[in-house]
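Note: the block below is protein.cif and it holds mmCIF, C-alpha atoms and all ligand atoms.
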data_target
loop_
_atom_site.label_atom_id
_atom_site.label_comp_id
_atom_site.auth_asym_id
_atom_site.auth_seq_id
_atom_site.Cartn_x
_atom_site.Cartn_y
_atom_site.Cartn_z
CA MET J 1 12.01 -14.44 -8.75
CA SER J 2 10.32 -14.93 -5.40
CA LYS J 3 7.20 -16.28 -6.98
CA THR J 4 6.44 -19.01 -9.45
CA SER J 5 2.85 -19.26 -10.64
CA ASN J 6 1.86 -21.44 -7.70
CA GLY J 7 4.44 -20.82 -5.04
CA MET J 8 6.37 -18.24 -3.10
CA ARG J 9 9.51 -18.60 -0.97
CA GLN J 10 9.59 -16.60 2.22
CA SER J 11 13.35 -16.13 1.87
CA ARG J 12 12.55 -14.02 -1.19
CA LEU J 13 9.56 -12.18 0.23
CA PHE J 14 10.58 -8.59 1.03
CA THR J 15 7.92 -8.00 3.67
CA LYS J 16 8.74 -8.39 7.35
CA THR J 17 6.27 -9.29 10.06
CA ARG J 18 6.05 -7.45 13.37
CA ARG J 19 5.39 -8.77 16.84
CA GLU J 20 3.66 -5.62 18.06
CA ALA J 21 0.69 -3.82 16.60
CA PRO J 22 1.61 -0.40 15.21
CA ALA J 23 0.74 2.33 17.74
CA ASP J 24 -1.19 4.42 15.23
CA GLU J 25 -3.73 1.74 14.27
CA VAL J 26 -6.93 1.31 16.25
CA ALA J 27 -8.77 -1.10 13.95
CA LYS J 28 -8.03 -4.79 14.38
CA ASN J 29 -7.98 -5.38 10.62
CA ALA J 30 -5.25 -2.78 10.07
CA GLN J 31 -3.25 -3.88 13.12
CA LEU J 32 -3.13 -7.50 11.97
CA LEU J 33 -2.64 -6.79 8.27
CA VAL J 34 0.23 -4.37 8.99
CA ARG J 35 1.81 -6.80 11.47
CA ALA J 36 1.59 -9.63 8.94
CA GLY J 37 3.07 -7.47 6.18
CA TYR J 38 -0.04 -7.59 4.00
CA ILE J 39 -0.47 -3.81 3.84
CA HIS J 40 1.49 -0.63 4.46
CA LYS J 41 0.01 2.58 5.78
CA GLU J 42 0.94 5.62 3.70
CA MET J 43 -1.06 8.05 5.86
CA ALA J 44 -4.40 8.11 7.64
CA GLY J 45 -6.99 6.42 5.45
CA VAL J 46 -4.50 5.46 2.73
CA TYR J 47 -2.96 1.99 2.42
CA ASP J 48 -0.72 0.09 0.02
CA PHE J 49 -1.20 -3.60 -0.70
CA LEU J 50 1.99 -5.68 -0.40
CA PRO J 51 2.56 -9.09 -2.04
CA LEU J 52 0.46 -11.26 0.31
CA GLY J 53 -2.17 -8.54 0.69
CA LEU J 54 -2.44 -8.10 -3.05
CA LEU J 55 -2.84 -11.85 -3.60
CA THR J 56 -5.70 -11.84 -1.09
CA LEU J 57 -7.35 -8.75 -2.54
CA ASN J 58 -7.10 -10.26 -6.01
CA LYS J 59 -8.74 -13.48 -4.83
CA ILE J 60 -11.66 -11.41 -3.55
CA ILE J 61 -11.78 -9.44 -6.79
CA ALA J 62 -11.79 -12.71 -8.79
CA ILE J 63 -14.82 -13.99 -6.86
CA ILE J 64 -16.72 -10.75 -7.44
CA ARG J 65 -15.73 -10.74 -11.14
CA GLU J 66 -17.02 -14.31 -11.61
CA GLU J 67 -20.33 -13.43 -10.01
CA MET J 68 -20.71 -10.25 -12.07
CA ASN J 69 -19.88 -12.08 -15.30
CA ALA J 70 -22.41 -14.78 -14.38
CA ILE J 71 -25.24 -12.21 -14.39
CA GLY J 72 -24.17 -10.74 -17.72
CA GLY J 73 -21.75 -8.04 -16.59
CA GLU J 74 -19.33 -6.54 -19.13
CA GLU J 75 -16.11 -5.27 -17.57
CA VAL J 76 -14.62 -1.86 -18.36
CA LEU J 77 -12.18 0.54 -16.73
CA LEU J 78 -13.14 4.18 -16.64
CA SER J 79 -10.81 7.03 -15.81
CA THR J 80 -10.38 8.45 -12.34
CA LEU J 81 -10.14 12.03 -13.64
CA GLN J 82 -13.60 13.45 -14.02
CA ASP J 83 -14.95 16.13 -16.32
CA PRO J 84 -16.99 18.63 -14.27
CA THR J 85 -19.35 19.21 -17.21
CA VAL J 86 -21.17 15.90 -16.78
CA TRP J 87 -21.33 16.29 -12.99
CA LYS J 88 -22.83 19.76 -13.34
CA LYS J 89 -25.60 18.23 -15.46
CA SER J 90 -26.59 15.87 -12.66
CA GLY J 91 -26.15 18.54 -10.00
CA ARG J 92 -23.45 16.61 -8.14
CA TRP J 93 -20.40 18.78 -8.82
CA ASP J 94 -21.33 21.05 -5.92
CA ASP J 95 -19.40 20.32 -2.67
CA ALA J 96 -22.58 21.06 -0.76
CA VAL J 97 -24.27 18.15 -2.56
CA VAL J 98 -21.36 15.67 -2.52
CA ASP J 99 -19.22 16.26 0.56
CA VAL J 100 -16.40 13.80 -0.23
CA TRP J 101 -14.98 15.41 -3.39
CA PHE J 102 -11.29 15.61 -4.09
CA LYS J 103 -10.87 18.22 -6.79
CA THR J 104 -7.85 19.41 -8.73
CA GLU J 105 -7.17 21.57 -11.73
CA LEU J 106 -5.42 21.63 -15.07
CA LYS J 107 -2.46 23.95 -15.78
CA ASN J 108 -4.87 26.31 -17.55
CA GLY J 109 -6.87 26.64 -14.34
CA SER J 110 -9.94 24.61 -15.29
CA GLU J 111 -11.25 22.22 -12.67
CA LEU J 112 -11.19 18.41 -12.64
CA GLY J 113 -12.53 15.92 -10.12
CA LEU J 114 -11.17 12.63 -8.84
CA GLY J 115 -14.06 10.20 -9.24
CA ASN J 116 -15.90 9.15 -6.11
CA THR J 117 -18.46 7.13 -8.10
CA HIS J 118 -19.17 6.74 -11.82
CA GLU J 119 -22.87 7.19 -12.60
CA GLU J 120 -22.23 10.43 -14.48
CA ALA J 121 -19.25 9.34 -16.55
CA LEU J 122 -20.70 5.97 -17.53
CA THR J 123 -24.17 7.31 -18.32
CA ALA J 124 -22.64 9.92 -20.62
CA LEU J 125 -20.45 7.23 -22.21
CA MET J 126 -23.38 4.84 -22.78
CA ALA J 127 -25.32 7.57 -24.57
CA GLY J 128 -22.97 6.90 -27.48
CA HIS J 129 -23.78 3.17 -27.48
CA ILE J 130 -27.46 2.84 -26.59
CA ALA J 131 -30.00 4.13 -29.09
CA SER J 132 -32.72 1.51 -29.45
CA TYR J 133 -34.59 -1.01 -27.28
CA LYS J 134 -32.44 -3.59 -29.10
CA ASP J 135 -29.41 -2.20 -27.27
CA LEU J 136 -30.98 -2.98 -23.87
CA PRO J 137 -30.45 -4.29 -21.28
CA ARG J 138 -26.75 -3.65 -20.60
CA TYR J 139 -24.80 -4.36 -17.40
CA VAL J 140 -21.44 -2.63 -17.20
CA TYR J 141 -18.98 -2.88 -14.34
CA GLN J 142 -15.44 -2.11 -13.29
CA PHE J 143 -12.91 -2.43 -10.50
CA GLN J 144 -11.80 1.15 -10.21
CA ASN J 145 -10.07 3.45 -7.75
CA LYS J 146 -12.41 5.85 -6.04
CA PHE J 147 -11.29 8.91 -4.13
CA ARG J 148 -13.37 10.14 -1.23
CA ASN J 149 -12.47 12.79 1.27
CA GLU J 150 -13.96 10.80 4.16
CA ALA J 151 -14.24 12.85 7.36
CA ARG J 152 -12.99 10.04 9.57
CA ALA J 153 -10.70 7.14 8.77
CA LYS J 154 -10.43 4.89 11.79
CA SER J 155 -11.63 1.56 10.45
CA GLY J 156 -8.39 0.49 8.77
CA ILE J 157 -8.89 -0.74 5.20
CA MET J 158 -12.66 -0.65 5.64
CA ARG J 159 -12.93 3.12 5.18
CA THR J 160 -10.15 4.70 3.20
CA ARG J 161 -9.80 7.86 1.14
CA GLU J 162 -8.64 5.94 -1.92
CA PHE J 163 -10.08 2.49 -2.57
CA ILE J 164 -10.98 0.07 -5.30
CA MET J 165 -14.71 -0.27 -5.80
CA LYS J 166 -16.52 -2.79 -7.91
CA ASP J 167 -19.27 -0.67 -9.34
CA LEU J 168 -21.81 -2.09 -11.75
CA TYR J 169 -24.47 -0.04 -13.49
CA SER J 170 -27.53 -1.56 -15.13
CA PHE J 171 -29.34 -0.06 -18.10
CA SER J 172 -32.85 -1.40 -18.67
CA LYS J 173 -35.84 -0.40 -20.74
CA ASP J 174 -38.28 -0.11 -17.86
CA ALA J 175 -38.87 -0.60 -14.16
CA ALA J 176 -40.08 -4.19 -14.60
CA SER J 177 -36.99 -5.46 -16.43
CA HIS J 178 -34.84 -3.50 -14.01
CA ALA J 179 -36.54 -5.24 -11.07
CA GLU J 180 -35.76 -8.64 -12.57
CA PHE J 181 -32.06 -7.83 -12.86
CA TYR J 182 -32.00 -6.19 -9.42
CA GLU J 183 -33.05 -9.52 -7.88
CA LYS J 184 -30.33 -11.36 -9.81
CA ALA J 185 -27.77 -8.85 -8.60
CA ALA J 186 -28.93 -9.31 -5.01
CA THR J 187 -28.46 -13.07 -5.34
CA ALA J 188 -25.02 -12.58 -6.92
CA TYR J 189 -24.07 -10.40 -3.95
CA GLU J 190 -25.21 -13.11 -1.55
CA ASN J 191 -23.05 -15.57 -3.49
CA VAL J 192 -20.03 -13.28 -3.17
CA PHE J 193 -20.39 -12.96 0.60
CA LYS J 194 -20.97 -16.70 1.02
CA ARG J 195 -17.93 -17.55 -1.05
CA ALA J 196 -15.84 -15.05 0.90
CA GLY J 197 -16.74 -16.81 4.14
CA ILE J 198 -19.01 -14.19 5.72
CA GLY J 199 -22.38 -15.34 4.35
CA ASP J 200 -23.78 -16.49 7.68
CA LYS J 201 -23.23 -13.04 9.21
CA THR J 202 -24.37 -10.95 6.25
CA TYR J 203 -27.91 -9.62 5.98
CA ARG J 204 -29.78 -8.15 3.07
CA THR J 205 -30.80 -4.87 4.69
CA PHE J 206 -33.55 -2.48 3.66
CA ALA J 207 -32.39 1.10 3.40
CA SER J 208 -34.05 4.22 2.03
CA GLY J 209 -34.23 4.23 -1.75
CA GLY J 210 -34.15 7.84 -2.82
CA SER J 211 -36.69 9.14 -5.31
CA PHE J 212 -37.32 6.20 -7.64
CA SER J 213 -37.89 3.24 -5.42
CA LYS J 214 -39.04 3.10 -1.87
CA TYR J 215 -36.04 1.01 -0.77
CA SER J 216 -32.49 0.21 -1.67
CA HIS J 217 -30.55 -2.66 -0.14
CA GLU J 218 -27.36 -2.74 1.81
CA PHE J 219 -25.48 -5.92 2.55
CA GLN J 220 -24.55 -5.59 6.19
CA THR J 221 -22.23 -7.96 8.01
CA VAL J 222 -22.86 -8.20 11.73
CA CYS J 223 -19.63 -7.27 13.52
CA ASP J 224 -18.76 -5.18 16.57
CA ALA J 225 -16.22 -3.24 14.53
CA GLY J 226 -19.00 -1.97 12.26
CA GLU J 227 -19.83 1.72 11.95
CA ASP J 228 -23.51 1.06 11.17
CA VAL J 229 -26.43 -0.20 13.24
CA ILE J 230 -28.96 -2.62 11.80
CA TYR J 231 -32.10 -4.31 13.12
CA MET J 232 -32.15 -7.93 12.06
CA ASP J 233 -34.72 -10.63 11.73
CA GLU J 234 -32.50 -13.69 12.16
CA GLU J 235 -35.13 -16.15 10.95
CA LYS J 236 -36.05 -14.28 7.77
CA ARG J 237 -32.37 -13.36 7.19
CA LEU J 238 -33.43 -9.76 6.55
CA ALA J 239 -32.58 -6.53 8.31
CA LEU J 240 -33.51 -2.86 8.37
CA ASN J 241 -31.13 0.04 8.74
CA LYS J 242 -31.75 3.11 10.89
CA GLU J 243 -33.25 5.13 8.02
CA VAL J 244 -36.24 2.84 7.66
CA TYR J 245 -36.61 1.35 11.16
CA ASP J 246 -39.43 3.75 12.08
CA ASP J 247 -41.17 3.49 8.72
CA ALA J 248 -44.42 1.52 9.15
CA GLU J 249 -44.56 0.62 5.45
CA VAL J 250 -41.38 -1.44 5.56
CA TYR J 251 -42.99 -3.90 7.95
CA ALA J 252 -45.98 -4.34 5.64
CA ALA J 253 -43.67 -4.74 2.64
CA THR J 254 -41.35 -7.31 4.23
CA GLY J 255 -43.55 -9.16 6.69
CA ILE J 256 -41.01 -8.39 9.39
CA ASP J 257 -42.35 -8.10 12.92
CA LYS J 258 -40.77 -5.07 14.58
CA ALA J 259 -40.86 -6.75 18.00
CA SER J 260 -38.66 -9.63 16.79
CA LEU J 261 -35.83 -7.40 15.57
CA LYS J 262 -32.43 -7.48 17.23
CA GLU J 263 -30.11 -4.50 17.13
CA ALA J 264 -26.52 -5.12 16.05
CA LYS J 265 -23.49 -3.26 14.84
CA ALA J 266 -22.66 -4.03 11.24
CA ILE J 267 -20.34 -3.28 8.34
CA GLU J 268 -21.84 -2.27 4.98
CA VAL J 269 -19.97 -4.58 2.61
CA GLY J 270 -22.06 -3.74 -0.42
CA ASN J 271 -25.17 -2.04 -1.64
CA ILE J 272 -27.56 -2.07 -4.56
CA PHE J 273 -29.66 0.86 -5.63
CA THR J 274 -32.44 1.65 -8.07
CA LEU J 275 -31.52 4.89 -9.81
CA GLY J 276 -34.48 5.06 -12.17
CA THR J 277 -34.10 7.78 -14.78
CA ARG J 278 -32.38 10.39 -12.60
CA PHE J 279 -29.04 10.14 -14.43
CA SER J 280 -30.30 9.12 -17.87
CA GLU J 281 -32.56 12.17 -18.00
CA ALA J 282 -29.87 14.53 -16.76
CA LEU J 283 -27.24 13.19 -19.19
CA GLY J 284 -29.41 12.48 -22.23
CA LEU J 285 -29.36 8.67 -22.27
CA SER J 286 -32.53 7.56 -24.01
CA PHE J 287 -33.66 4.80 -26.36
CA LYS J 288 -36.35 4.35 -29.00
CA ASP J 289 -38.91 1.56 -28.60
CA ALA J 290 -40.28 -0.54 -31.51
CA GLU J 291 -42.74 2.25 -32.37
CA GLY J 292 -39.99 4.86 -32.43
CA LYS J 293 -41.03 6.51 -29.18
CA SER J 294 -38.12 7.80 -27.08
CA SER J 295 -37.78 7.14 -23.32
CA PRO J 296 -35.01 7.61 -20.78
CA VAL J 297 -33.08 4.43 -19.86
CA PHE J 298 -33.95 2.94 -16.45
CA MET J 299 -30.83 2.48 -14.32
CA GLY J 300 -29.49 0.83 -11.19
CA SER J 301 -26.13 0.86 -9.41
CA TYR J 302 -24.41 -1.91 -7.45
CA GLY J 303 -21.28 -1.42 -5.35
CA ILE J 304 -18.88 -3.59 -3.36
CA GLY J 305 -15.59 -2.51 -1.77
CA PRO J 306 -13.18 -5.48 -2.08
CA ALA J 307 -10.84 -4.04 0.58
CA ARG J 308 -13.71 -3.38 2.95
CA LEU J 309 -14.72 -7.00 2.40
CA MET J 310 -11.14 -8.12 3.12
CA GLY J 311 -11.12 -6.05 6.32
CA THR J 312 -14.45 -7.53 7.35
CA ILE J 313 -13.10 -11.07 6.93
CA VAL J 314 -10.18 -10.14 9.18
CA GLU J 315 -12.45 -8.58 11.80
CA LEU J 316 -14.68 -11.66 11.89
CA LEU J 317 -12.37 -14.62 11.46
CA SER J 318 -8.98 -13.72 12.90
CA ASP J 319 -8.00 -14.90 16.39
CA GLU J 320 -5.48 -13.97 19.09
CA LYS J 321 -2.65 -15.54 17.08
CA GLY J 322 -3.32 -13.64 13.90
CA LEU J 323 -5.08 -13.78 10.56
CA VAL J 324 -7.32 -16.69 9.55
CA TRP J 325 -8.25 -16.80 5.87
CA PRO J 326 -11.04 -18.87 4.38
CA GLU J 327 -9.60 -21.07 1.61
CA SER J 328 -11.46 -19.08 -1.03
CA VAL J 329 -9.52 -15.86 -0.41
CA ALA J 330 -6.26 -17.04 1.19
CA PRO J 331 -3.10 -15.86 -0.61
CA PHE J 332 -1.93 -19.51 -0.56
CA MET J 333 -3.66 -22.72 0.44
CA HIS J 334 -0.65 -24.43 2.03
CA HIS J 335 2.19 -23.18 4.15
CA ILE J 336 5.17 -25.54 4.12
CA VAL J 337 7.30 -24.87 7.17
CA SER J 338 10.72 -26.46 6.93
CA LEU J 339 12.47 -27.22 10.20
CA GLY J 340 15.69 -28.14 8.40
CA LYS J 341 19.08 -26.49 8.56
CA PRO J 342 20.74 -25.27 5.36
CA GLY J 343 21.89 -28.24 3.29
CA ASP J 344 20.55 -31.02 5.55
CA GLU J 345 18.21 -33.90 4.61
CA VAL J 346 15.19 -32.17 6.08
CA SER J 347 15.59 -28.99 4.05
CA LYS J 348 16.21 -31.09 0.97
CA ALA J 349 12.96 -32.98 1.60
CA ALA J 350 11.11 -29.69 2.16
CA GLU J 351 12.52 -28.28 -1.10
CA ASP J 352 11.40 -31.38 -2.98
CA LEU J 353 7.94 -31.30 -1.43
CA TYR J 354 7.57 -27.60 -2.33
CA GLY J 355 8.72 -28.20 -5.90
CA ASP J 356 6.44 -31.19 -6.42
CA MET J 357 3.39 -29.66 -4.76
CA THR J 358 3.59 -26.49 -6.83
CA LYS J 359 4.12 -28.59 -9.97
CA ALA J 360 1.02 -30.59 -9.05
CA GLY J 361 -0.93 -27.31 -9.02
CA HIS J 362 -1.05 -26.59 -5.30
CA HIS J 363 -0.67 -23.00 -4.12
CA VAL J 364 2.11 -22.99 -1.57
CA LEU J 365 3.95 -20.50 0.58
CA PHE J 366 7.28 -22.03 1.55
CA ASP J 367 9.09 -21.04 4.72
CA ASP J 368 12.60 -22.00 3.60
CA ARG J 369 14.39 -19.68 6.05
CA ASP J 370 16.88 -20.71 8.70
CA LEU J 371 14.97 -19.61 11.80
CA ARG J 372 13.91 -21.20 15.09
CA ALA J 373 10.83 -23.43 14.87
CA GLY J 374 8.90 -21.38 17.44
CA GLU J 375 9.46 -18.20 15.49
CA LYS J 376 8.34 -19.86 12.26
CA PHE J 377 5.16 -21.26 13.81
CA ALA J 378 4.21 -17.92 15.39
CA GLU J 379 4.71 -16.21 12.05
CA SER J 380 2.77 -18.91 10.25
CA ASP J 381 -0.14 -18.35 12.66
CA LEU J 382 0.05 -14.61 12.02
CA LEU J 383 -0.04 -15.03 8.23
CA GLY J 384 -3.18 -17.17 8.42
CA ILE J 385 -2.60 -19.61 5.53
CA PRO J 386 -5.32 -22.34 5.83
CA ARG J 387 -3.06 -25.44 6.04
CA ARG J 388 0.39 -25.65 7.57
CA ILE J 389 2.55 -28.60 6.57
CA VAL J 390 5.41 -29.17 8.98
CA VAL J 391 8.55 -30.76 7.53
CA GLY J 392 10.76 -32.03 10.34
CA ARG J 393 13.14 -34.97 10.84
CA ASP J 394 10.49 -37.49 12.05
CA ALA J 395 7.98 -36.50 9.38
CA VAL J 396 10.55 -37.12 6.65
CA ALA J 397 11.74 -40.42 8.19
CA THR J 398 8.24 -41.85 8.65
CA ASP J 399 6.61 -40.20 5.60
CA SER J 400 3.93 -38.77 7.85
CA PHE J 401 3.52 -34.98 7.77
CA GLU J 402 1.47 -32.95 10.21
CA VAL J 403 -1.08 -30.78 8.45
CA VAL J 404 -2.44 -28.17 10.83
CA ASN J 405 -5.72 -26.48 10.03
CA ARG J 406 -5.25 -22.79 10.88
CA ALA J 407 -8.93 -22.14 11.53
CA THR J 408 -9.72 -25.12 13.77
CA GLY J 409 -6.30 -26.20 15.02
CA ALA J 410 -7.13 -29.77 13.93
CA VAL J 411 -4.09 -31.87 13.00
CA GLU J 412 -4.09 -34.50 10.29
CA LYS J 413 -1.22 -36.77 9.25
CA LYS J 414 -0.55 -37.15 5.55
CA SER J 415 1.99 -39.00 3.46
CA ARG J 416 3.94 -37.23 0.75
CA ALA J 417 1.80 -38.91 -1.91
CA GLU J 418 -1.37 -37.71 -0.19
CA LEU J 419 -0.02 -34.16 -0.06
CA LEU J 420 0.68 -34.20 -3.78
CA ALA J 421 -2.78 -35.52 -4.71
CA LYS J 422 -5.27 -32.90 -5.82
P1 LIG W 501 -20.65 4.17 3.77
O1 LIG W 501 -22.05 4.48 4.17
O2 LIG W 501 -20.03 3.08 4.59
O3 LIG W 501 -19.80 5.39 3.62
P2 LIG W 501 -21.38 4.33 1.05
O4 LIG W 501 -22.86 4.36 1.15
O5 LIG W 501 -20.65 5.61 0.86
O6 LIG W 501 -20.77 3.54 2.33
P3 LIG W 501 -21.22 3.40 -1.65
O7 LIG W 501 -20.97 4.75 -2.11
O8 LIG W 501 -22.50 2.80 -2.02
O9 LIG W 501 -20.99 3.29 -0.06
O10 LIG W 501 -20.05 2.43 -2.09
C1 LIG W 501 -20.26 1.06 -2.43
C2 LIG W 501 -19.38 0.16 -1.59
O11 LIG W 501 -18.03 0.60 -1.59
C3 LIG W 501 -19.76 0.14 -0.11
O12 LIG W 501 -20.81 -0.76 0.11
C4 LIG W 501 -18.46 -0.32 0.51
O13 LIG W 501 -18.31 -1.73 0.40
C5 LIG W 501 -17.42 0.34 -0.35
N1 LIG W 501 -16.93 1.60 0.23
C6 LIG W 501 -17.59 2.78 0.35
N2 LIG W 501 -16.82 3.72 0.91
C7 LIG W 501 -15.62 3.13 1.15
C8 LIG W 501 -14.39 3.60 1.72
N3 LIG W 501 -14.25 4.86 2.11
N4 LIG W 501 -13.37 2.71 1.83
C9 LIG W 501 -13.51 1.43 1.41
N5 LIG W 501 -14.64 0.94 0.86
C10 LIG W 501 -15.68 1.77 0.74
MG MG W 502 -19.70 6.80 2.19
#

Rewrite the structure from the file as structure tokens, please.
Amino acid sequence: MSKTSNGMRQSRLFTKTRREAPADEVAKNAQLLVRAGYIHKEMAGVYDFLPLGLLTLNKIIAIIREEMNAIGGEEVLLSTLQDPTVWKKSGRWDDAVVDVWFKTELKNGSELGLGNTHEEALTALMAGHIASYKDLPRYVYQFQNKFRNEARAKSGIMRTREFIMKDLYSFSKDAASHAEFYEKAATAYENVFKRAGIGDKTYRTFASGGSFSKYSHEFQTVCDAGEDVIYMDEEKRLALNKEVYDDAEVYAATGIDKASLKEAKAIEVGNIFTLGTRFSEALGLSFKDAEGKSSPVFMGSYGIGPARLMGTIVELLSDEKGLVWPESVAPFMHHIVSLGKPGDEVSKAAEDLYGDMTKAGHHVLFDDRDLRAGEKFAESDLLGIPRRIVVGRDAVATDSFEVVNRATGAVEKKSRAELLAK
């Protein structure tokens, strides 16, 4: 086993790092993640997550899950295969309406879709569980693979044709109770982006809202690698996207002064949307109030792409040496780099330190391989683990270990006992 619950040995890690960026990757996030062995490219717009990449993605997913549970979310997992019947009811089966469909068929020739979003399926499902006002509100979410036939895929893991989305759908009795939850969801989203280390660059951004509300909100992270353009009010921490920039009403609604806006490229890391009764009416999801009167359920949808968020972190925080992970999403917190030779005192000390730190509950990647120090340090920089602990002859002799902060380069000296302390 290469991995205990808290630790991983690099000698047992199958992934190899590369010195050069792969020629077929233009996006920095994909170049670095492929070089560091976090991901593998299957084909354009399709990536696999390898051990370190999966640990990182799962850290991000865990943060999102905590925030969704905190606002009352109930987690489910719906199928990818989609029944055209429900999509025909909402009018979204047509390729002219939804231009990213992947469709397939059964052996008997009838059509199926690969889900690109789940309003239809979940609304139809909830019709079997919501009947009365007593059954409301409900907030249901999942981490689920979406398939989208995206026209272009040049942003690495930020725009792929198959990706995990966290999609939450809210079911409320009316617009007012929906609005209350919508605010909570917006705050939960802000918490997610803060915890993932990109809060200071992420703006709640007004976008067009469709038929039921004037506006929806995107969460846009300012970054030159972004495919979107936003106009931000840095003081108010709000922004507008292109759809609403020329709409006079948005300035009245937000108090934003058009003259103070700055244009910037940005990445849409998430969005929240008032759906109203569009899907509940189309798919027959209604409830009876206390007087027995029936009304359609009032809905909202809330999406985040964990891999797009991971790619955004790479775009923003990495440096010329490689990846730099915030502690909250790093695959491991510590990287022990042993400078020992097989069987010598130094490698024995490194082994002991690794064993004791993982036992004490620390999350440690252990470079236990017999390689040159320079090679190990360069690779350690590329992998981006927050704290590197160097175990060399002097450190062992003096009980003073260099702990290098990957993000700042700051070096601290710590004794073995200090390293073991939580
Ligand atoms: P975009 O305008 O960038 O295509 P979208 O409006 O299609 O995004 P949604 O359908 O609302 O996005 O999806 C919710 C979230 O899922 C997005 O905010 C984003 O974080 C993520 N996402 C969307 N498309 C992709 C994709 N192709 N690859 C990875 N993540 C994606
Ligand atoms: Mg899209």

**OP:** Find the residue from J:Glu42, J:Glu105, J:Glu235, J:Glu67 that sits nearest to Asp83 in chain J; use all atoms listed in the file when measuring.
**Re:**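 That would be J:Glu105, the residue with the smallest distance to Asp83 in chain J.
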
**OP:** Tell me which protein, DNA and RNA residues are within 9 Å of Ser415 in chain J, counting all atoms listed in the file, leaving out same-chain ones fewer than 2 positions away, and put them as a list in words.
**Re:**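 Non-adjacent residues within range: Ala395, Thr398, Asp399, Ser400, Phe401, Lys413, Ala417, Glu418, Leu419 and Leu420 of chain J.
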
**OP:** Name the closest residue to Glu20 in chain J among the candidates J:Ser132, J:Leu382, J:Phe212, J:Ile64; distances are taken between atoms, counting only C-alpha atoms.
**Re:** J:Leu382

Subject >> Residue nearest Leu371 in chain J among J:Ala21, J:Leu33, J:Ile60, J:Leu339 (counting only C-alpha atoms) >> reply: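 That would be J:Leu339, the residue with the smallest distance to Leu371 in chain J.
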
Subject >> Contacts to ligand LIG 501 (chain W) at 9 Å cut-off (all atoms listed in the file) as a count of residues only >> reply: 43

Subject >> Polymer residues at most 8 Å from range 194-207 of chain J, only C-alpha atoms, same-chain spacing of 3 or more positions, as a list in words >> reply: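 Once the nearby chain positions are removed, what remains is Ile60, Ile63, Glu190, Asn191, Tyr215, Ser216, His217, Glu218, Phe219, Gln220, Thr221, Val222, Ile230, Met232, Arg237, Leu238, Ala239, Leu240, Asn241, Lys242, Glu243, Val244, Ile313, Leu316, Pro326, Ser328 and Val329 of chain J.
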
Original post:
Pick the closest to Asp370 in chain J from J:Leu50, J:Val337, J:Val396, J:Ala36: which is it, counting all atoms listed in the file?
Top reply: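 Smallest separation from Asp370 in chain J among the options: J:Val337.
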
Subject >> Separation of CA of Lys265 in chain J from CA of Tyr231 in chain J, in Å and rounded to one decimal >> reply: 8.8 Å

Original post:
Which is closer to ligand MG 502 (chain W) than all the others in J:Val46, J:Ala330, J:Val100, J:Leu283, using all atoms listed in the file?
Top reply: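 Between J:Val46, J:Ala330, J:Val100, J:Leu283, the residue approaching ligand MG 502 (chain W) most closely is J:Val100.
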
**OP:** Extract, using only C-alpha atoms, all DNA, RNA and protein residues at most 8 Å from range 249-258 of chain J, discarding same-chain residues fewer than 3 positions from it, and format them as a PyMOL selection string.
**Re:** chain J and resi 233+236+244-245+261

Could you dump the residues just selected with C-alpha atoms as a PDB file, in the coordinates of the input?
ATOM      1  CA  ASP J 233     -34.720 -10.630  11.730  1.00  0.00           C
ATOM      2  CA  LYS J 236     -36.050 -14.280   7.770  1.00  0.00           C
ATOM      3  CA  VAL J 244     -36.240   2.840   7.660  1.00  0.00           C
ATOM      4  CA  TYR J 245     -36.610   1.350  11.160  1.00  0.00           C
ATOM      5  CA  LEU J 261     -35.830  -7.400  15.570  1.00  0.00           C
TER       6      LEU J 261
END

Subject >> J:Trp87, J:Ala124, J:Arg416, J:Arg152 ranked by distance to ligand MG 502 (chain W), top pick (using all atoms listed in the file) >> reply: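 Smallest distance to ligand MG 502 (chain W) is found for J:Arg152.
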
Subject >> Å distance separating CA of Ala30 in chain J from CA of Ala378 in chain J, one decimal place >> reply: 18.6 Å

Would you give the centre and edge lengths, in Å to one decimal, of a box along x, y and z around the listed atoms of range 20-27 of chain J, with 8 Å added to each side, as JSON?
{"center_x": -2.6, "center_y": -0.6, "center_z": 16.0, "size_x": 28.4, "size_y": 26.0, "size_z": 20.1}

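If you look at CA of Glu327 in chain J and CA of Met68 in chain J, they are 20.7 Å away from each other.
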
Leaving out Pro51 in chain J and any residue of its chain fewer than 5 positions from it, which residues lie within 12 Å of it when counting all atoms listed in the file, given as a short mmCIF file (atom, residue, chain, number, x, y, z; two decimals) with C-alpha atoms, in the frame of the given file?
data_model
loop_
_atom_site.label_atom_id
_atom_site.label_comp_id
_atom_site.auth_asym_id
_atom_site.auth_seq_id
_atom_site.Cartn_x
_atom_site.Cartn_y
_atom_site.Cartn_z
CA SER J 2 10.32 -14.93 -5.40
CA LYS J 3 7.20 -16.28 -6.98
CA MET J 8 6.37 -18.24 -3.10
CA ARG J 9 9.51 -18.60 -0.97
CA GLN J 10 9.59 -16.60 2.22
CA ARG J 12 12.55 -14.02 -1.19
CA LEU J 13 9.56 -12.18 0.23
CA PHE J 14 10.58 -8.59 1.03
CA THR J 15 7.92 -8.00 3.67
CA LYS J 16 8.74 -8.39 7.35
CA LEU J 33 -2.64 -6.79 8.27
CA ALA J 36 1.59 -9.63 8.94
CA GLY J 37 3.07 -7.47 6.18
CA TYR J 38 -0.04 -7.59 4.00
CA ILE J 39 -0.47 -3.81 3.84
CA HIS J 40 1.49 -0.63 4.46
CA THR J 56 -5.70 -11.84 -1.09
CA LEU J 57 -7.35 -8.75 -2.54
CA ASN J 58 -7.10 -10.26 -6.01
CA PRO J 331 -3.10 -15.86 -0.61
CA PHE J 332 -1.93 -19.51 -0.56
CA LEU J 365 3.95 -20.50 0.58
#
